[in-house]
$ cat my_file-v3.cif   # mmCIF, C-alpha atoms
data_structure
loop_
_atom_site.label_atom_id
_atom_site.label_comp_id
_atom_site.auth_asym_id
_atom_site.auth_seq_id
_atom_site.Cartn_x
_atom_site.Cartn_y
_atom_site.Cartn_z
CA MET A 15 -6.36 15.36 26.26
CA SER A 16 -8.46 17.04 23.61
CA THR A 17 -10.36 14.99 21.05
CA ALA A 18 -8.15 16.32 18.23
CA LEU A 19 -4.97 15.33 20.11
CA ALA A 20 -6.40 11.89 20.90
CA ALA A 21 -7.30 11.39 17.23
CA THR A 22 -3.79 12.41 16.23
CA ALA A 23 -2.21 9.97 18.70
CA ASP A 24 -4.50 7.15 17.55
CA ALA A 25 -3.79 7.84 13.88
CA GLN A 26 0.00 8.01 14.15
CA PRO A 27 0.55 4.21 14.16
CA LEU A 28 -1.68 3.88 11.09
CA ARG A 29 0.26 6.48 9.15
CA VAL A 30 3.56 4.93 10.27
CA LEU A 31 2.39 1.46 9.16
CA ASN A 32 1.53 2.73 5.69
CA GLN A 33 4.87 4.54 5.47
CA GLN A 34 6.72 1.38 6.56
CA LEU A 35 4.95 -0.61 3.86
CA LEU A 36 5.95 1.96 1.27
CA VAL A 37 9.58 1.72 2.46
CA GLN A 38 9.34 -2.07 1.95
CA ALA A 39 8.03 -1.46 -1.57
CA ILE A 40 10.93 0.91 -2.29
CA ALA A 41 13.39 -1.73 -1.03
CA LEU A 42 11.81 -4.26 -3.37
CA VAL A 43 12.14 -1.85 -6.29
CA ASP A 44 15.78 -1.20 -5.35
CA ALA A 45 16.45 -4.95 -5.46
CA HIS A 46 15.60 -4.74 -9.18
CA ALA A 47 17.61 -1.62 -10.06
CA GLY A 48 20.89 -1.97 -11.90
CA PRO A 49 22.55 -4.40 -14.27
CA GLY A 50 22.40 -8.07 -13.46
CA ARG A 51 19.38 -7.63 -11.20
CA PRO A 52 16.11 -9.55 -11.62
CA ARG A 53 13.63 -8.30 -14.18
CA PHE A 54 11.16 -5.80 -12.66
CA ALA A 55 8.40 -6.23 -15.24
CA GLY A 56 6.16 -9.18 -14.48
CA PRO A 57 4.65 -10.04 -11.14
CA VAL A 58 6.72 -7.58 -9.09
CA GLY A 59 6.12 -4.61 -11.39
CA SER A 60 2.42 -5.29 -11.83
CA HIS A 61 1.73 -5.78 -8.11
CA LEU A 62 3.68 -2.65 -7.17
CA ARG A 63 1.93 -0.65 -9.89
CA HIS A 64 -1.38 -1.76 -8.46
CA VAL A 65 -0.34 -0.71 -4.93
CA VAL A 66 1.04 2.67 -6.07
CA GLU A 67 -2.08 3.50 -8.07
CA HIS A 68 -4.32 2.71 -5.08
CA TYR A 69 -2.38 5.06 -2.82
CA GLU A 70 -2.40 7.74 -5.51
CA ALA A 71 -6.17 7.37 -5.90
CA LEU A 72 -6.54 8.27 -2.22
CA LEU A 73 -3.92 11.02 -2.06
CA VAL A 74 -4.73 12.70 -5.39
CA PRO A 75 -8.37 11.95 -6.17
CA ALA A 76 -9.76 12.98 -9.54
CA GLU A 77 -12.77 14.45 -7.73
CA ALA A 78 -12.32 16.27 -4.42
CA GLY A 79 -13.54 14.18 -1.48
CA VAL A 80 -14.26 11.11 -3.64
CA VAL A 81 -11.88 8.16 -3.96
CA ASN A 82 -12.30 5.81 -6.90
CA TYR A 83 -9.84 2.92 -6.82
CA ASP A 84 -11.49 1.42 -9.90
CA ALA A 85 -10.64 4.41 -12.10
CA ARG A 86 -6.87 3.81 -11.94
CA PRO A 87 -4.77 4.43 -15.05
CA ARG A 88 -3.13 0.94 -14.95
CA SER A 89 0.16 2.31 -16.29
CA ALA A 90 2.17 -0.19 -18.32
CA GLU A 91 5.18 2.14 -17.99
CA LEU A 92 4.97 2.13 -14.18
CA GLN A 93 4.94 -1.65 -13.97
CA ALA A 94 7.94 -1.97 -16.31
CA ASP A 95 10.25 0.79 -15.04
CA PRO A 96 11.77 0.43 -11.55
CA GLN A 97 13.05 4.05 -11.56
CA LEU A 98 9.55 5.36 -12.24
CA ALA A 99 8.09 3.03 -9.60
CA ARG A 100 10.64 4.30 -7.06
CA LYS A 101 9.86 7.93 -7.91
CA ARG A 102 6.11 7.39 -7.54
CA LEU A 103 6.51 5.39 -4.30
CA LEU A 104 8.62 8.21 -2.84
CA ALA A 105 5.96 10.74 -3.88
CA VAL A 106 3.26 8.66 -2.15
CA HIS A 107 5.44 8.33 0.95
CA GLU A 108 5.95 12.12 1.02
CA GLY A 109 2.21 12.61 0.45
CA LEU A 110 1.47 10.55 3.54
CA CYS A 111 4.05 12.54 5.52
CA ALA A 112 2.28 15.76 4.48
CA ARG A 113 -1.19 14.57 5.52
CA LEU A 114 -2.43 16.11 8.73
CA LEU A 115 -3.23 13.39 11.25
CA ALA A 116 -5.97 15.55 12.74
CA HIS A 117 -7.91 14.98 9.51
CA MET A 118 -8.03 11.17 9.71
CA ASP A 119 -11.75 11.37 10.43
CA ALA A 120 -12.40 13.72 7.51
CA PRO A 121 -15.29 12.29 5.51
CA LEU A 122 -14.67 10.82 2.06
CA ARG A 123 -16.85 9.01 -0.42
CA VAL A 124 -15.58 5.84 -2.07
CA ARG A 125 -16.92 5.20 -5.54
CA GLY A 126 -16.56 1.87 -7.30
CA GLN A 127 -18.02 -0.73 -9.57
CA GLY A 128 -20.09 -3.64 -8.32
CA GLY A 129 -21.58 -6.80 -9.69
CA LEU A 130 -19.43 -9.68 -10.87
CA ALA A 131 -19.12 -8.12 -14.32
CA GLY A 132 -18.85 -4.52 -13.14
CA GLU A 133 -22.40 -3.82 -14.27
CA SER A 134 -23.34 -1.57 -11.37
CA SER A 135 -21.75 1.19 -9.34
CA PHE A 136 -21.78 2.34 -5.73
CA CYS A 137 -20.68 5.28 -3.63
CA VAL A 138 -20.28 4.86 0.14
CA ASN A 139 -19.14 6.98 3.08
CA SER A 140 -15.66 6.53 4.52
CA SER A 141 -12.79 8.55 6.00
CA LEU A 142 -9.11 9.09 5.32
CA GLY A 143 -8.24 6.90 8.31
CA ARG A 144 -10.51 4.07 7.20
CA GLU A 145 -9.04 4.16 3.71
CA LEU A 146 -5.51 4.00 5.14
CA VAL A 147 -6.58 0.88 7.04
CA PHE A 148 -7.79 -0.57 3.73
CA LEU A 149 -4.60 0.39 1.89
CA ALA A 150 -2.36 -1.15 4.56
CA GLY A 151 -4.21 -4.48 4.39
CA HIS A 152 -4.36 -4.32 0.60
CA THR A 153 -0.62 -3.67 0.35
CA VAL A 154 0.27 -6.50 2.76
CA HIS A 155 -1.95 -8.81 0.69
CA HIS A 156 -0.06 -7.96 -2.51
CA PHE A 157 3.26 -8.36 -0.74
CA ALA A 158 2.13 -11.80 0.47
CA LEU A 159 1.38 -12.74 -3.14
CA LEU A 160 4.90 -11.63 -4.11
CA SER A 161 6.71 -13.20 -1.17
CA ASP A 162 7.08 -16.75 -2.58
CA TYR A 163 7.94 -15.43 -6.04
CA CYS A 164 10.72 -13.28 -4.58
CA ARG A 165 12.06 -16.14 -2.48
CA GLN A 166 12.08 -18.50 -5.47
CA HIS A 167 13.94 -15.96 -7.61
CA GLY A 168 16.49 -14.90 -5.00
CA ILE A 169 15.03 -11.41 -4.67
CA PRO A 170 15.71 -10.08 -1.18
CA THR A 171 12.71 -8.86 0.79
CA PRO A 172 12.55 -7.02 4.10
CA GLU A 173 11.83 -8.96 7.29
CA GLY A 174 8.12 -9.60 7.73
CA PHE A 175 7.40 -8.86 4.08
CA GLY A 176 3.87 -9.99 3.20
CA LYS A 177 2.77 -10.64 6.78
CA ALA A 178 0.07 -8.64 8.49
CA PRO A 179 1.07 -6.88 11.71
CA ALA A 180 -1.49 -8.98 13.63
CA THR A 181 0.04 -12.19 12.23
CA ARG A 182 3.53 -11.12 13.27
CA ALA A 183 2.26 -10.17 16.76
CA HIS A 184 0.51 -13.55 17.06
CA GLU A 185 3.68 -15.39 16.00
CA ARG A 186 5.73 -13.40 18.54
CA ALA A 187 3.22 -14.17 21.31
CA SER A 188 3.17 -17.87 20.37
CA ARG A 189 6.97 -18.04 20.59
CA SER A 190 6.87 -16.33 23.99
CA VAL A 191 4.33 -18.84 25.32
CA ALA A 192 6.30 -21.79 23.91
CA CYS A 193 9.46 -20.56 25.66
CA ALA A 194 7.77 -19.99 29.02
#

$ encode --input "my_file-v3.cif" --output "structure tokens"
Amino acid sequence: MSTALAATADAQPLRVLNQQLLVQAIALVDAHAGPGRPRFAGPVGSHLRHVVEHYEALLVPAEAGVVNYDARPRSAELQADPQLARKRLLAVHEGLCARLLAHMDAPLRVRGQGGLAGESSFCVNSSLGRELVFLAGHTVHHFALLSDYCRQHGIPTPEGFGKAPATRAHERASRSVACA
């Protein structure tokens, strides 16, 4: 198998994971759409805005080849409007579908602010694939923060919402051992 084909095969599960997380986010938005549904603004809207803006920073960088998660717009409208959140999540999902897997190793630079008060800046090497690893973990983390809130407010969430794939695999393996 050629190196390009091997890279494509290795990258497919990563792209699928990110797409699955975006589908979970869309389902969460849909749980807020319509009359009599829970209020979207608040923790759910702000966490999903944060997630959407991170994916958009990667997919549509302000500077070609440079990702800056710290320079997000922090849209108050996005975190208050479930229809807008759904539209932007779908656009991100489609953007991931359009990405060529063969380019997962394409070099990127990640720019950000450092220091506890944001008093310094940095720019480091990365790749599209590495940033998708970051975004998947980042998204699961925000879903984990929302999980209890959703449960307490009767907001349905997809199975496994807020749990890392490795945690779910560990739980599955532990159940298998306990049953053996």

$ atom_distance --input "my_file-v3.cif" --atom1 "CA of Thr153 (chain A)" --atom2 "CA of Arg51 (chain A)"
23.4 Å

$ atom_distance --input "my_file-v3.cif" --atom1 "CA of Asn139 (chain A)" --atom2 "CA of Leu72 (chain A)"
13.7 Å

$ residues_around --input "my_file-v3.cif" --residues "Ala71 (chain A)" --least-positions-apart "5" --cutoff "9 Å" --atoms "all atoms listed in the file" --output "ChimeraX atom specification"
/A:66,76,81-86

$ atom_distance --input "my_file-v3.cif" --atom1 "CA of Arg63 (chain A)" --atom2 "CA of Leu92 (chain A)"
5.9 Å

$ closest_residue --input "my_file-v3.cif" --among "A:Arg165, A:His107, A:His155, A:His117" --to "Ala178 (chain A)" --atoms "all atoms listed in the file"
A:His155

$ residues_around --input "my_file-v3.cif" --residues "Glu91 (chain A)" --least-positions-apart "3" --cutoff "12 Å" --atoms "only C-alpha atoms" --output "list in words"
Phe54, Ala55, Gly56, Gly59, Ser60, Leu62, Arg63, Pro87, Arg88, Ala94, Asp95, Pro96, Gln97, Leu98, Ala99 and Arg102 of chain A

$ closest_residue --input "my_file-v3.cif" --among "A:Val106, A:Val138, A:Cys111, A:Val124" --to "Val30 (chain A)" --atoms "only C-alpha atoms"
A:Cys111

$ resolve_selection --input "my_file-v3.cif" --expression "the PyMOL selection byres ((chain A and resi 32) around 12)" --output "PyMOL selection string"
chain A and resi 25-31+33-39+65-66+69+103+106-111+143+145-154+178-179

$ closest_residue --input "my_file-v3.cif" --among "A:Arg189, A:His167, A:Lys101, A:His156" --to "Ala45 (chain A)" --atoms "only C-alpha atoms"
A:His167

$ resolve_selection --input "my_file-v3.cif" --expression "the PyMOL selection byres ((chain A and resi 141) around 8)" --output "number ranges by chain"
A: 118-123, 139-140, 142-145

$ residues_around --input "my_file-v3.cif" --residues "Tyr163 (chain A)" --least-positions-apart "3" --cutoff "12 Å" --atoms "only C-alpha atoms" --output "ChimeraX atom specification"
/A:52,56-58,61,156-160,166-171,176

$ resolve_selection --input "my_file-v3.cif" --expression "the PyMOL selection byres ((chain A and resi 136) around 9)" --output "list of chain:residue names"
A:Val124, A:Arg125, A:Gly126, A:Gln127, A:Gly128, A:Ser134, A:Ser135, A:Cys137, A:Val138

$ closest_residue --input "my_file-v3.cif" --among "A:Gln93, A:Val80, A:Glu185, A:His46" --to "Glu67 (chain A)" --atoms "only C-alpha atoms"
A:Gln93

$ axis_aligned_box --input "my_file-v3.cif" --around "region 68-78 of chain A" --padding-each-side "8 Å" --output "lines of an AutoDock Vina configuration file"
center_x = -7.6
center_y = 9.5
center_z = -5.8
size_x = 26.4
size_y = 29.6
size_z = 23.5

$ build_atoms --input "my_file-v3.cif" --residues "region 129-140 of chain A" --atoms "all heavy atoms" --output "tab-separated table (two decimals), in the coordinates of the input"
chain	number	residue	atom	x	y	z
A	129	GLY	N	-21.12	-5.73	-8.82
A	129	GLY	CA	-21.58	-6.80	-9.69
A	129	GLY	C	-20.38	-7.59	-10.20
A	129	GLY	O	-19.29	-7.02	-10.37
A	130	LEU	N	-20.54	-8.84	-10.44
A	130	LEU	CA	-19.43	-9.68	-10.87
A	130	LEU	C	-18.84	-9.25	-12.20
A	130	LEU	O	-17.67	-9.50	-12.48
A	130	LEU	CB	-19.85	-11.15	-10.92
A	130	LEU	CG	-20.20	-11.77	-9.56
A	130	LEU	CD1	-20.65	-13.21	-9.73
A	130	LEU	CD2	-19.00	-11.68	-8.62
A	131	ALA	N	-19.62	-8.59	-13.02
A	131	ALA	CA	-19.12	-8.12	-14.32
A	131	ALA	C	-18.95	-6.60	-14.34
A	131	ALA	O	-18.80	-6.01	-15.42
A	131	ALA	CB	-20.08	-8.57	-15.43
A	132	GLY	N	-19.01	-5.97	-13.19
A	132	GLY	CA	-18.85	-4.52	-13.14
A	132	GLY	C	-20.04	-3.77	-13.70
A	132	GLY	O	-19.93	-2.64	-14.16
A	133	GLU	N	-21.21	-4.39	-13.63
A	133	GLU	CA	-22.40	-3.82	-14.27
A	133	GLU	C	-23.12	-2.77	-13.43
A	133	GLU	O	-24.05	-2.12	-13.90
A	133	GLU	CB	-23.38	-4.93	-14.66
A	133	GLU	CG	-24.04	-5.65	-13.49
A	133	GLU	CD	-23.25	-6.82	-12.92
A	133	GLU	OE1	-22.08	-7.00	-13.28
A	133	GLU	OE2	-23.83	-7.55	-12.10
A	134	SER	N	-22.68	-2.57	-12.20
A	134	SER	CA	-23.34	-1.57	-11.37
A	134	SER	C	-22.27	-0.72	-10.69
A	134	SER	O	-21.08	-1.01	-10.75
A	134	SER	CB	-24.25	-2.24	-10.33
A	134	SER	OG	-23.49	-3.11	-9.51
A	135	SER	N	-22.71	0.34	-10.03
A	135	SER	CA	-21.75	1.19	-9.34
A	135	SER	C	-22.28	1.50	-7.94
A	135	SER	O	-23.46	1.29	-7.64
A	135	SER	CB	-21.52	2.48	-10.12
A	135	SER	OG	-22.71	3.20	-10.24
A	136	PHE	N	-21.40	1.97	-7.09
A	136	PHE	CA	-21.78	2.34	-5.73
A	136	PHE	C	-20.96	3.53	-5.30
A	136	PHE	O	-19.93	3.85	-5.89
A	136	PHE	CB	-21.57	1.17	-4.75
A	136	PHE	CG	-20.14	0.70	-4.66
A	136	PHE	CD1	-19.23	1.34	-3.82
A	136	PHE	CD2	-19.70	-0.38	-5.42
A	136	PHE	CE1	-17.92	0.91	-3.74
A	136	PHE	CE2	-18.39	-0.81	-5.35
A	136	PHE	CZ	-17.49	-0.17	-4.51
A	137	CYS	N	-21.41	4.20	-4.26
A	137	CYS	CA	-20.68	5.28	-3.63
A	137	CYS	C	-21.04	5.24	-2.15
A	137	CYS	O	-22.22	5.34	-1.80
A	137	CYS	CB	-21.03	6.63	-4.26
A	137	CYS	SG	-19.85	7.93	-3.87
A	138	VAL	N	-20.03	5.02	-1.28
A	138	VAL	CA	-20.28	4.86	0.14
A	138	VAL	C	-19.43	5.84	0.95
A	138	VAL	O	-18.41	6.32	0.49
A	138	VAL	CB	-19.99	3.41	0.61
A	138	VAL	CG1	-20.94	2.43	-0.07
A	138	VAL	CG2	-18.55	3.03	0.35
A	139	ASN	N	-19.87	6.09	2.17
A	139	ASN	CA	-19.14	6.98	3.08
A	139	ASN	C	-17.92	6.27	3.66
A	139	ASN	O	-17.96	5.07	3.93
A	139	ASN	CB	-20.04	7.43	4.22
A	139	ASN	CG	-21.16	8.32	3.74
A	139	ASN	OD1	-20.98	9.10	2.81
A	139	ASN	ND2	-22.31	8.22	4.37
A	140	SER	N	-16.86	7.04	3.89
A	140	SER	CA	-15.66	6.53	4.52
A	140	SER	C	-14.92	7.71	5.13
A	140	SER	O	-15.49	8.78	5.31
A	140	SER	CB	-14.79	5.78	3.50
A	140	SER	OG	-13.73	5.09	4.15
